[in-house]
Amino acid sequence: MRPRATAVLVDLGLVGIALVDVLLGFAADVSIGRASAIAGAVALLLRRRVPLVAFVATLPGAFLTDAMYASLIALFTLSTRSRSRLLLAWCAAVFAAGNFVSWTVLLAPDAFPRVYSFALLLYNLATAAAPVFLGQLILTRRELAARLAEITEARAHEELLTMQSMLAKERAQLAREMHDVVSHQVSLIAVRAGALQVRAGDAETKQAATTIRQLSVRTLEELRYMVNVLRVSGSRPTELTPQPTLDQLADLVAGSAVDARLDVDLPAGTELPPPMQRAIYRTVQEGLTNVRKHAPGSTTTVEIRRDGATIRATVTNTAATRPVLPLPSGQHGLAGLRQRAELLGGTLQAGPAGDNGFRLALYLPVGADL
C-alpha cells in the first residue's frame with residue numbers, strides 16, 4: 001500500500017475514534033456540545049497540513065463535552081511537527097485550563113468540591129503534557145535518524161574522495177616513474193639501435209638494429225599514451241573515465257544531498273580550457289561537501305560568472321538549521337583547491353558570509369596560459 005493511502009486510512013481511523021468518543025460522552029448542552037465535538041473530530045483531517053489550526057478547532061468540543069480524544073490527537077500531531085516549546089506549552093496549558101474550567105463550571109460543578117480542584121488541575125496538566133512529550137520524543141527520533149543517515153552518507157562520500165585522492169597520487173607517481181625512468185631508458189635503446197643500424201656492416205645486423213629501433217619507438221609512443229592516461233585519470237578506482245567538466249555541474253549539484261541552486265551565466269561561445277573546468281568543478285564539489293558536513297539544513301547557491309577577464313565560481317551557504325556534529329576531516333580540501341588555483345594563475349577565497357553563512361570563491365583569469 002502506498003504511503004499516501006496509508007496516511008489517509010490512519011486519519012480516517014483517528015476521526016472514527018474521536019467520533020466514538022463524542023457519542024459515548026456527555027455534554028453540558030447536547031446540541032451545541034455535540035456539534036462542536038463532531039466538528040473537532042472532523043478537523044483531524046487537517047492535522048498533517050495545519051496541525052495548529054486542527055488543534056484549535058478541537059478545543060470547543062473538548063470544553064463543552066467530556067470528549068478529549070480529538071484534542072489530544074491534534075496536540076500530539078502538533079508536537080511531532082513543531083520545535084517551538086513555548087507554543088506547545090501554551091497549547092497544553094490552554095487545553096488543561098479550559099478542560100478544568102469546563103468540568104468545574106459546565107459539566108460537573110457539584111462533583112468536584114474545592115478540596116479536589118487542585119488534583120483535577122494536575123490531572124488535566126498531566127493529560128495535556130503526555131501527548132506533547134510523546135510527540136517531541138518521536139520528532140527527536142526522526143531528526144536523529146535523519147542526521148545519522150546524513151552522517152553515514154557524508155562519511156562514505158569522504159572515504160570515496162580519500163580513496164580517489166590516494167589512487168590519483170599513486171597513478172601520478174607511477175606516471176612520473178614511467179616518464180623519468182622507463183621512457184628515458186627506452187629512448188637510449190632507440191638511440192643505440194639507430195647508431196648500430198647506421199654503423200652495421202652486414203645486412204643481418206642492420207636488420208636486427210632496425211627492428212630494435214622500431215620496437216623502441218613504438219614502445220615510447222605507448223608509454224607516452226599510458227603516462228597521459230595515468231595523469232588525467234583517477235576519478236574511480238575500477239575504471240578510467242573522462243575528467244569532469246562544467247556540463248556535469250548540474251548532476252553534481254542535484255546529487256549532493258544539499259538544498260542547492262545552480263546559476264551558470266557565461267557569455268555565449270565561452271569555451272574554458274579543461275584544466276579550468278576541472279578546477280571549477282572540484283571547487284564546487286568541495287564546497288558542497290563542506291556544506292553537507294558543517295552546515296546541515298542550510299540553503300546553498302552555486303554561481304559561475306564571468307567578470308571581464310576573470311571567471312568567478314562561488315559556493316555560498318546560509319547558516320546551519322540543525323545541530324552540527326563533529327566529523328573527522330584531514331583539513332586538506334581547501335589547501336588542495338588553493339594550490340590548484342595558484343597553478344592556473346588564480347586565487348581562492350574562503351570565509352564567513354552574511355547571516356552566519358560561509359562563502360567559497362574561486363577566481364581564474366580567462367587569459368591564463370593553461
# chains A, B, ... in the order shown; residues from 1 in each chain; ligands from 1
>>> residues_around(residues="Thr77 (chain A)", least_positions_apart="5", cutoff="8 Å", atoms="only C-alpha atoms", output="ChimeraX atom specification")
/A:47-48,51,135
>>> write_last_selection(atoms="C-alpha atoms", output="PDB file, in the first residue's frame")
ATOM      1  CA  ARG A  47      -3.823  17.737  11.271  1.00  0.00           C
ATOM      2  CA  ARG A  48      -0.989  16.907   8.834  1.00  0.00           C
ATOM      3  CA  PRO A  51      -1.777  20.977  12.926  1.00  0.00           C
ATOM      4  CA  GLY A 135       5.344  13.877  20.125  1.00  0.00           C
TER       5      GLY A 135
END
>>> closest_residue(among="A:Arg83, A:Arg312, A:Arg340, A:Arg278", to="Leu360 (chain A)", atoms="only C-alpha atoms")
A:Arg312
>>> closest_atom_pairs(of="region 36-72 of chain A", to="region 97-106 of chain A", cutoff="7 Å", atoms="only C-alpha atoms", output="JSON lines")
{"residue": "A:Ala62", "atom": "CA", "partner": "A:Asn99", "partner_atom": "CA", "distance": 6.8}
{"residue": "A:Phe63", "atom": "CA", "partner": "A:Ser102", "partner_atom": "CA", "distance": 5.4}
{"residue": "A:Leu64", "atom": "CA", "partner": "A:Ser102", "partner_atom": "CA", "distance": 6.6}
>>> write_last_selection(atoms="C-alpha atoms", output="CSV table (one decimal), in the first residue's frame")
chain,number,residue,atom,x,y,z
A,62,ALA,CA,-13.3,19.4,24.4
A,63,PHE,CA,-14.5,22.3,26.6
A,64,LEU,CA,-18.3,21.7,26.1
>>> decode(residues="region 117-191 of chain A", atoms="C-alpha atoms", output="short mmCIF file (atom, residue, chain, number, x, y, z; two decimals), in the first residue's frame")
data_model
loop_
_atom_site.label_atom_id
_atom_site.label_comp_id
_atom_site.auth_asym_id
_atom_site.auth_seq_id
_atom_site.Cartn_x
_atom_site.Cartn_y
_atom_site.Cartn_z
CA SER A 117 -9.89 21.05 42.41
CA PHE A 118 -6.10 21.07 42.66
CA ALA A 119 -5.93 17.35 41.96
CA LEU A 120 -8.21 17.81 38.95
CA LEU A 121 -5.98 20.60 37.63
CA LEU A 122 -2.89 18.40 37.97
CA TYR A 123 -4.69 15.59 36.20
CA ASN A 124 -5.55 17.86 33.27
CA LEU A 125 -1.99 19.18 33.09
CA ALA A 126 -0.61 15.64 33.03
CA THR A 127 -3.13 14.64 30.38
CA ALA A 128 -2.08 17.57 28.18
CA ALA A 129 1.65 17.03 28.80
CA ALA A 130 1.60 13.34 27.80
CA PRO A 131 0.98 13.84 24.03
CA VAL A 132 3.40 16.78 23.98
CA PHE A 133 6.26 14.75 25.46
CA LEU A 134 5.47 11.74 23.27
CA GLY A 135 5.34 13.88 20.13
CA GLN A 136 8.63 15.58 20.95
CA LEU A 137 10.23 12.19 21.54
CA ILE A 138 9.10 10.98 18.12
CA LEU A 139 10.27 14.22 16.48
CA THR A 140 13.69 13.90 18.11
CA ARG A 141 13.94 10.29 16.97
CA ARG A 142 13.12 11.24 13.38
CA GLU A 143 15.69 14.04 13.34
CA LEU A 144 18.31 11.77 14.88
CA ALA A 145 17.66 9.08 12.27
CA ALA A 146 17.95 11.70 9.50
CA ARG A 147 21.20 13.03 10.95
CA LEU A 148 22.64 9.51 11.25
CA ALA A 149 21.76 8.80 7.63
CA GLU A 150 23.34 12.10 6.59
CA ILE A 151 26.49 11.38 8.60
CA THR A 152 26.75 7.91 7.09
CA GLU A 153 26.42 9.35 3.60
CA ALA A 154 28.97 12.07 4.34
CA ARG A 155 31.49 9.58 5.74
CA ALA A 156 31.03 7.29 2.73
CA HIS A 157 31.49 10.25 0.38
CA GLU A 158 34.59 11.38 2.25
CA GLU A 159 36.06 7.88 2.20
CA LEU A 160 35.43 7.72 -1.55
CA LEU A 161 37.15 11.07 -2.06
CA THR A 162 40.09 9.96 0.09
CA MET A 163 40.41 6.71 -1.87
CA GLN A 164 40.23 8.60 -5.16
CA SER A 165 42.86 11.06 -3.95
CA MET A 166 45.20 8.27 -2.89
CA LEU A 167 44.66 6.48 -6.19
CA ALA A 168 45.34 9.69 -8.12
CA LYS A 169 48.59 10.23 -6.19
CA GLU A 170 49.70 6.66 -6.84
CA ARG A 171 48.95 6.99 -10.54
CA ALA A 172 50.73 10.35 -10.70
CA GLN A 173 53.77 8.81 -9.02
CA LEU A 174 53.66 5.86 -11.42
CA ALA A 175 53.38 8.26 -14.35
CA ARG A 176 56.46 10.15 -13.15
CA GLU A 177 58.43 6.92 -12.77
CA MET A 178 57.41 5.77 -16.24
CA HIS A 179 58.29 9.15 -17.74
CA ASP A 180 61.56 9.70 -15.88
CA VAL A 181 62.95 6.16 -15.79
CA VAL A 182 61.33 3.78 -18.26
CA SER A 183 60.89 6.28 -21.09
CA HIS A 184 64.44 7.50 -20.66
CA GLN A 185 65.87 4.03 -20.85
CA VAL A 186 63.76 3.06 -23.87
CA SER A 187 64.91 6.26 -25.57
CA LEU A 188 68.51 5.24 -25.01
CA ILE A 189 67.77 1.84 -26.52
CA ALA A 190 66.26 3.51 -29.57
CA VAL A 191 69.28 5.83 -29.97
#
